[in-house]
>>> print(open('protein.cif').read())   # mmCIF, C-alpha atoms
data_input
#
loop_
_atom_site.group_PDB
_atom_site.id
_atom_site.type_symbol
_atom_site.label_atom_id
_atom_site.label_comp_id
_atom_site.auth_asym_id
_atom_site.auth_seq_id
_atom_site.Cartn_x
_atom_site.Cartn_y
_atom_site.Cartn_z
ATOM 1 C CA VAL L 1 0.000 0.000 0.000
ATOM 2 C CA ASP L 2 1.375 3.361 -1.018
ATOM 3 C CA TRP L 3 0.559 5.719 1.867
ATOM 4 C CA GLY L 4 2.079 8.739 0.144
ATOM 5 C CA LEU L 5 -0.507 11.374 -0.690
ATOM 6 C CA ASP L 6 -0.483 13.608 -3.737
ATOM 7 C CA GLU L 7 -1.568 17.263 -3.512
ATOM 8 C CA GLY L 8 -5.262 16.500 -4.150
ATOM 9 C CA GLU L 9 -5.314 13.725 -1.563
ATOM 10 C CA GLU L 10 -3.600 15.997 0.992
ATOM 11 C CA ALA L 11 -6.268 18.650 0.366
ATOM 12 C CA LEU L 12 -9.060 16.107 0.792
ATOM 13 C CA LEU L 13 -7.512 14.825 4.024
ATOM 14 C CA ALA L 14 -7.183 18.377 5.407
ATOM 15 C CA PHE L 15 -10.795 19.170 4.457
ATOM 16 C CA THR L 16 -12.079 15.966 6.067
ATOM 17 C CA GLN L 17 -10.103 16.672 9.247
ATOM 18 C CA SER L 18 -11.556 20.200 9.395
ATOM 19 C CA ILE L 19 -15.126 18.861 9.081
ATOM 20 C CA ILE L 20 -14.508 16.297 11.819
ATOM 21 C CA ARG L 21 -13.036 19.021 14.054
ATOM 22 C CA LEU L 22 -16.046 21.297 13.367
ATOM 23 C CA ARG L 23 -18.410 18.533 14.495
ATOM 24 C CA GLN L 24 -16.328 17.653 17.570
ATOM 25 C CA GLU L 25 -16.083 21.272 18.725
ATOM 26 C CA ASN L 26 -19.736 22.246 18.203
ATOM 27 C CA PRO L 27 -22.531 20.543 20.154
ATOM 28 C CA VAL L 28 -25.229 21.670 17.712
ATOM 29 C CA PHE L 29 -23.856 19.016 15.308
ATOM 30 C CA ARG L 30 -23.834 16.280 17.978
ATOM 31 C CA ARG L 31 -27.420 16.347 19.229
ATOM 32 C CA ARG L 32 -28.676 13.156 20.846
ATOM 33 C CA ARG L 33 -32.303 13.890 19.924
ATOM 34 C CA PHE L 34 -34.035 15.222 16.836
ATOM 35 C CA PHE L 35 -35.291 18.791 16.805
ATOM 36 C CA ALA L 36 -38.230 19.724 19.038
ATOM 37 C CA GLY L 37 -40.943 20.180 16.406
ATOM 38 C CA SER L 38 -42.796 17.615 14.359
ATOM 39 C CA ALA L 39 -41.057 16.113 11.347
ATOM 40 C CA ASP L 40 -43.171 18.022 8.831
ATOM 41 C CA HIS L 41 -41.628 21.254 7.643
ATOM 42 C CA GLY L 42 -38.218 20.474 9.082
ATOM 43 C CA GLY L 43 -39.105 20.080 12.748
ATOM 44 C CA GLU L 44 -39.503 23.780 13.553
ATOM 45 C CA SER L 45 -41.032 24.606 16.931
ATOM 46 C CA GLU L 46 -41.418 27.400 19.461
ATOM 47 C CA LEU L 47 -38.102 26.298 20.981
ATOM 48 C CA GLY L 48 -36.308 27.829 18.001
ATOM 49 C CA ASP L 49 -33.668 25.106 17.745
ATOM 50 C CA ILE L 50 -33.954 25.002 13.939
ATOM 51 C CA ALA L 51 -35.302 27.360 11.273
ATOM 52 C CA TRP L 52 -35.507 26.983 7.496
ATOM 53 C CA PHE L 53 -35.063 29.748 4.936
ATOM 54 C CA MET L 54 -35.351 30.239 1.216
ATOM 55 C CA PRO L 55 -32.265 31.630 -0.560
ATOM 56 C CA ASN L 56 -33.757 35.151 -0.387
ATOM 57 C CA GLY L 57 -33.431 35.009 3.423
ATOM 58 C CA GLU L 58 -37.178 34.743 3.980
ATOM 59 C CA HIS L 59 -38.542 32.086 6.304
ATOM 60 C CA MET L 60 -39.815 29.009 4.419
ATOM 61 C CA ASP L 61 -43.496 29.421 3.643
ATOM 62 C CA GLU L 62 -46.024 26.713 2.746
ATOM 63 C CA PRO L 63 -45.562 26.941 -1.053
ATOM 64 C CA ALA L 64 -41.769 26.695 -0.634
ATOM 65 C CA TRP L 65 -42.152 23.381 1.219
ATOM 66 C CA HIS L 66 -44.090 21.962 -1.728
ATOM 67 C CA ASN L 67 -41.944 23.371 -4.553
ATOM 68 C CA SER L 68 -40.450 20.254 -6.130
ATOM 69 C CA LEU L 69 -38.165 22.417 -8.293
ATOM 70 C CA ALA L 70 -36.536 24.145 -5.315
ATOM 71 C CA LYS L 71 -32.903 23.086 -5.218
ATOM 72 C CA SER L 72 -31.548 25.468 -2.625
ATOM 73 C CA VAL L 73 -32.309 25.942 1.048
ATOM 74 C CA MET L 74 -30.717 27.478 4.141
ATOM 75 C CA VAL L 75 -31.035 26.077 7.665
ATOM 76 C CA PHE L 76 -30.329 27.801 10.992
ATOM 77 C CA LEU L 77 -29.079 25.537 13.798
ATOM 78 C CA ASN L 78 -29.435 27.316 17.134
ATOM 79 C CA GLY L 79 -26.582 26.538 19.540
ATOM 80 C CA LEU L 80 -28.413 28.412 22.307
ATOM 81 C CA ALA L 81 -31.496 26.155 22.119
ATOM 82 C CA ILE L 82 -30.139 22.647 22.611
ATOM 83 C CA PRO L 83 -32.778 21.069 24.872
ATOM 84 C CA GLU L 84 -30.922 18.039 26.208
ATOM 85 C CA PRO L 85 -28.433 18.441 29.080
ATOM 86 C CA ASP L 86 -24.849 17.213 29.026
ATOM 87 C CA ARG L 87 -23.703 14.119 30.957
ATOM 88 C CA ARG L 88 -23.587 16.122 34.193
ATOM 89 C CA GLY L 89 -27.074 17.531 33.736
ATOM 90 C CA GLU L 90 -25.802 20.982 32.759
ATOM 91 C CA ARG L 91 -27.262 23.062 29.935
ATOM 92 C CA ILE L 92 -25.452 22.660 26.612
ATOM 93 C CA VAL L 93 -24.658 25.965 24.903
ATOM 94 C CA GLY L 94 -22.736 26.343 21.688
ATOM 95 C CA ASP L 95 -22.302 28.464 18.608
ATOM 96 C CA SER L 96 -25.120 28.734 16.068
ATOM 97 C CA PHE L 97 -24.735 27.898 12.387
ATOM 98 C CA LEU L 98 -26.260 28.710 9.024
ATOM 99 C CA VAL L 99 -25.891 25.963 6.442
ATOM 100 C CA MET L 100 -26.610 26.893 2.818
ATOM 101 C CA PHE L 101 -27.286 23.993 0.446
ATOM 102 C CA ASN L 102 -27.198 24.586 -3.303
ATOM 103 C CA ALA L 103 -28.106 21.480 -5.308
ATOM 104 C CA HIS L 104 -28.755 23.553 -8.435
ATOM 105 C CA SER L 105 -26.525 23.346 -11.519
ATOM 106 C CA GLU L 106 -25.785 27.091 -11.270
ATOM 107 C CA SER L 107 -24.565 29.283 -8.435
ATOM 108 C CA ILE L 108 -27.236 30.835 -6.190
ATOM 109 C CA THR L 109 -27.095 34.012 -4.135
ATOM 110 C CA PHE L 110 -28.276 33.546 -0.555
ATOM 111 C CA THR L 111 -29.306 36.464 1.656
ATOM 112 C CA LEU L 112 -28.496 36.065 5.355
ATOM 113 C CA PRO L 113 -31.547 36.178 7.661
ATOM 114 C CA GLY L 114 -32.277 38.982 10.121
ATOM 115 C CA GLU L 115 -30.345 39.978 13.227
ATOM 116 C CA GLU L 116 -32.541 37.843 15.493
ATOM 117 C CA TYR L 117 -30.652 34.828 14.118
ATOM 118 C CA GLY L 118 -27.195 36.328 14.614
ATOM 119 C CA ARG L 119 -25.326 39.621 14.361
ATOM 120 C CA VAL L 120 -22.105 38.306 12.865
ATOM 121 C CA TRP L 121 -21.417 35.277 10.679
ATOM 122 C CA ILE L 122 -17.972 33.777 10.216
ATOM 123 C CA PRO L 123 -17.358 31.548 7.161
ATOM 124 C CA GLU L 124 -16.332 28.037 8.256
ATOM 125 C CA VAL L 125 -16.836 25.741 5.257
ATOM 126 C CA ASP L 126 -17.239 26.214 1.521
ATOM 127 C CA THR L 127 -17.172 22.891 -0.296
ATOM 128 C CA ALA L 128 -16.455 24.619 -3.623
ATOM 129 C CA ALA L 129 -13.525 26.765 -2.449
ATOM 130 C CA ARG L 130 -9.968 25.853 -1.593
ATOM 131 C CA GLU L 131 -9.767 28.701 0.927
ATOM 132 C CA ILE L 132 -12.443 30.186 3.160
ATOM 133 C CA SER L 133 -13.078 33.920 3.108
ATOM 134 C CA ALA L 134 -11.857 35.655 6.262
ATOM 135 C CA GLU L 135 -14.517 38.359 6.000
ATOM 136 C CA ASP L 136 -17.170 38.396 8.735
ATOM 137 C CA LEU L 137 -20.708 38.781 7.392
ATOM 138 C CA GLU L 138 -23.739 40.581 8.784
ATOM 139 C CA PRO L 139 -27.515 40.039 8.507
ATOM 140 C CA GLY L 140 -28.846 40.903 5.069
ATOM 141 C CA TRP L 141 -25.503 40.343 3.336
ATOM 142 C CA GLN L 142 -25.458 38.160 0.266
ATOM 143 C CA VAL L 143 -23.361 35.038 -0.153
ATOM 144 C CA GLU L 144 -22.738 33.409 -3.526
ATOM 145 C CA VAL L 145 -22.932 29.620 -3.189
ATOM 146 C CA ASP L 146 -21.453 27.733 -6.125
ATOM 147 C CA ALA L 147 -23.377 25.023 -7.949
ATOM 148 C CA ARG L 148 -23.747 21.750 -6.059
ATOM 149 C CA SER L 149 -21.989 22.966 -2.963
ATOM 150 C CA ILE L 150 -22.521 23.818 0.700
ATOM 151 C CA VAL L 151 -21.461 26.871 2.701
ATOM 152 C CA VAL L 152 -21.428 26.839 6.507
ATOM 153 C CA LEU L 153 -21.337 30.057 8.564
ATOM 154 C CA ARG L 154 -20.827 30.241 12.333
ATOM 155 C CA ASN L 155 -22.316 32.755 14.749
ATOM 156 C CA PRO L 156 -20.191 32.723 17.937
ATOM 157 C CA ARG L 157 -22.381 32.579 21.035
ATOM 158 C CA GLU L 158 -20.372 35.421 22.593
ATOM 159 C CA SER L 159 -21.622 37.779 19.878
ATOM 160 C CA ASP L 160 -25.266 37.412 20.944
ATOM 161 C CA LEU L 161 -25.153 37.048 24.729
#
>>> encode(input="protein.cif", output="structure tokens")
Amino acid sequence: VDWGLDEGEEALLAFTQSIIRLRQENPVFRRRRFFAGSADHGGESELGDIAWFMPNGEHMDEPAWHNSLAKSVMVFLNGLAIPEPDRRGERIVGDSFLVMFNAHSESITFTLPGEEYGRVWIPEVDTAAREISAEDLEPGWQVEVDARSIVVLRNPRESDL
């Protein structure tokens, strides 16, 4: 077995390690239970642990849930609304995330949702880019998501406490 990695394999290894680290460091990606709401319409509930958006930054409405041609969606994962306690019975609090999915064959422009979901967004993952932008984003800003790719933004919990 040749364990030597070429440049592309090194890049894939580094990307995979970064995704594993992101999951390990953020409890919102390690939930033991599904979201609080019912399974229809993405499990949204009054708890606010998850929210779904159209690319224009508007909350998913009923027609959007039934649009079979829709190929792009954005989901908010609330790190401040994790209902289950940790192993010691303490409240779990973590950063919140926006995940933008673009399954379309062309790039799509996503508009970040309002300030109630986060005041600052830090790019963490872009599956179409070799390097992540270092620019912090604010509500209402637009993010170009390449075709068939995912962009993940993080809202540090310290920015909203």
>>> resolve_selection(input="protein.cif", expression="the PyMOL selection byres ((chain L and resi 156) around 12)", output="PyMOL selection string")
chain L and resi 26+78-80+93-98+117-124+136+153-155+157-161
>>> atom_distance(input="protein.cif", atom1="atom CA of Trp3 of chain L", atom2="atom CA of Ile19 of chain L")
21.7 Å
>>> closest_residue(input="protein.cif", among="L:Phe110, L:Glu10, L:Asp86, L:Glu131", to="Asn56 of chain L", atoms="only C-alpha atoms")
L:Phe110
>>> atom_distance(input="protein.cif", atom1="atom CA of Gly57 of chain L", atom2="atom CA of Arg130 of chain L")
25.7 Å
>>> residues_around(input="protein.cif", residues="Arg30 of chain L", least_positions_apart="2", cutoff="12 Å", atoms="only C-alpha atoms", output="ChimeraX atom specification")
/L:20-28,32-35,77,79,82,84,86,92-94
>>> atom_distance(input="protein.cif", atom1="atom CA of Leu47 of chain L", atom2="atom CA of His59 of chain L")
15.8 Å
>>> residues_near_point(input="protein.cif", point="(-17.1, 25.6, 3.9)", cutoff="6 Å", atoms="all atoms listed in the file", output="JSON, numbers by chain")
{"L": [124, 125, 126, 127, 151, 152]}
>>> resolve_selection(input="protein.cif", expression="the PyMOL selection byres ((chain L and resi 143-146) around 6)", output="VMD selection string")
chain L and resid 107 to 110 142 147 149
>>> axis_aligned_box(input="protein.cif", around="segment 27-36 of chain L", padding_each_side="4 Å", output="JSON")
{"center_x": -30.4, "center_y": 17.4, "center_z": 18.1, "size_x": 23.7, "size_y": 16.5, "size_z": 13.5}
>>> resolve_selection(input="protein.cif", expression="the PyMOL selection byres ((chain L and resi 53) around 8)", output="ChimeraX atom specification")
/L:51-52,54-60,73-76,113
